[in-house]
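S.K.: Pasting in a structure now, in structure tokens, and then I'll have a few things to ask.
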Amino acid sequence: MGVQNKVVIITGASSGIGAATARLLAKNGAKVVLAARRENQLQQLQQEITHNGGQAIYQVTDVRQPAHLQSLVELAQQHFDGVDVIFNNAGIMPTSPISALKTKDWDDMIDINLKGVLNGIAAVMPIFTRQKSGHIITTCSIAGIRNYINCGVYGATKFAVHNLMEVIRQESVKEQTNIRTTTLNPAAINTELLHSITDEAVLQSMTKLYQKVGISPEAIARVVNFAIEQPEDTNISELTIYPTKQA
């Protein structure tokens, strides 16, 4: 089926997985709607994509704000006349031991990693339900299916997202709305995610791991492209992506 002419909203699009995915999808003919908090990076990416012959628009978006997601969806409808896919990719990973009581980090992870995903889903759900088609893709994590020391709250947000996505898939079947869902569980991918870690010991440990085994975000972009290009009767519900060298 391909991704050509699909209208794809991407949050967290200013760098890493989001930016790599936007570039690949646009190259393959998708119409991408870029969303993140950093306008300079969004503007540069939009210009890069259009310079290379792709179609892209952007809007500064904070996924913690439901109104921002609603406005983003409206922009996609006005400019590209619809929405086919939302890629809920925005996230942070300020991991630390629970005993460190970094409660501000806890709140931020819940607001962005969980509520931010819910806000994206809420913005597109009426459209997808009405048109009886649509695709929700969400960046979860290997920490959403396995337990890791220092990832208690981060993992909790990702376990919640993992459950949420599967329930949406099952409810769509029951309601006959044909909404596809894809949950991505990346392991060590070299992005800016480590920059959000505020615990120095954890940061050093994670940095060593990522330097040893981490792979580029283009790996996840290819997986997203694969999930979208499947026929409408085929739902790739979950994909776990490890670097070959990671245990």
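Going through the structure tokens in order, the chains are called A, B, and so on, while each chain numbers its residues from 1 and the ligands are numbered from 1 in the order shown.
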Hey, what's within 9 Å of Asn190 in chain A if we count only C-alpha atoms and toss same-chain stuff fewer than 5 positions away? As an NGL selection string, please?
M.R.: :A and (16-17 or 210-211 or 214-217)
S.K.: Residues of range 19-97 of chain A in helix (DSSP H, G or I) according to DSSP, as a count of residues only?
M.R.: 37
S.K.: Could you tell me how far CA of Gly152 in chain A lies from CA of Arg37 in chain A, in Å and to one decimal?
M.R.: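 Atom-to-atom, CA of Gly152 in chain A and CA of Arg37 in chain A are spaced 26.0 Å apart.
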S.K.: My list of candidates is A:Asp108, A:Tyr242, A:Asn88, A:Leu114. Which is closest to Thr183 in chain A when distances are computed with only C-alpha atoms?
M.R.: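 Among the listed residues, the smallest separation from Thr183 in chain A belongs to A:Asn88.
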S.K.: So, with only C-alpha atoms as the atoms that count, which of A:Thr240, A:Thr198, A:Gln131, A:Thr191 lies closest to Gly144 in chain A?
M.R.: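 Counting only C-alpha atoms, the residue closest to Gly144 in chain A is A:Thr240.
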S.K.: Applying 10 Å and only C-alpha atoms, which residues near Ser99 in chain A remain after dropping the ones on its own chain fewer than 3 positions away? List them as a PDB file with all heavy atoms, in the first residue's frame.
M.R.:
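The result, written out as part-v2.pdb:
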```pdb
ATOM      1  N   SER A  96      15.916   7.544  37.545  1.00  0.00           N
ATOM      2  CA  SER A  96      16.633   7.653  38.821  1.00  0.00           C
ATOM      3  C   SER A  96      16.075   6.604  39.765  1.00  0.00           C
ATOM      4  O   SER A  96      14.967   6.095  39.552  1.00  0.00           O
ATOM      5  CB  SER A  96      16.452   9.051  39.424  1.00  0.00           C
ATOM      6  OG  SER A  96      15.089   9.288  39.714  1.00  0.00           O
ATOM      7  N   LYS A 102      12.927  12.098  43.183  1.00  0.00           N
ATOM      8  CA  LYS A 102      12.918  13.196  42.219  1.00  0.00           C
ATOM      9  C   LYS A 102      11.475  13.383  41.712  1.00  0.00           C
ATOM     10  O   LYS A 102      11.146  13.077  40.564  1.00  0.00           O
ATOM     11  CB  LYS A 102      13.895  12.924  41.089  1.00  0.00           C
ATOM     12  CG  LYS A 102      15.362  12.985  41.523  1.00  0.00           C
ATOM     13  CD  LYS A 102      16.296  12.745  40.353  1.00  0.00           C
ATOM     14  CE  LYS A 102      17.748  12.903  40.759  1.00  0.00           C
ATOM     15  NZ  LYS A 102      18.123  14.322  41.002  1.00  0.00           N
ATOM     16  N   ASN A 150      16.224   1.677  38.394  1.00  0.00           N
ATOM     17  CA  ASN A 150      16.298   3.120  38.119  1.00  0.00           C
ATOM     18  C   ASN A 150      15.229   3.608  37.144  1.00  0.00           C
ATOM     19  O   ASN A 150      15.168   4.790  36.839  1.00  0.00           O
ATOM     20  CB  ASN A 150      17.684   3.548  37.596  1.00  0.00           C
ATOM     21  CG  ASN A 150      18.803   3.234  38.557  1.00  0.00           C
ATOM     22  OD1 ASN A 150      18.632   3.352  39.773  1.00  0.00           O
ATOM     23  ND2 ASN A 150      19.946   2.823  38.036  1.00  0.00           N
TER      24      ASN A 150
END
```
S.K.: Using only C-alpha atoms, find the one residue out of A:Ser14, A:Val173, A:Thr21, A:Leu69 that sits nearest to Leu42 in chain A.
M.R.: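 Of all the options, A:Ser14 lies closest to Leu42 in chain A.
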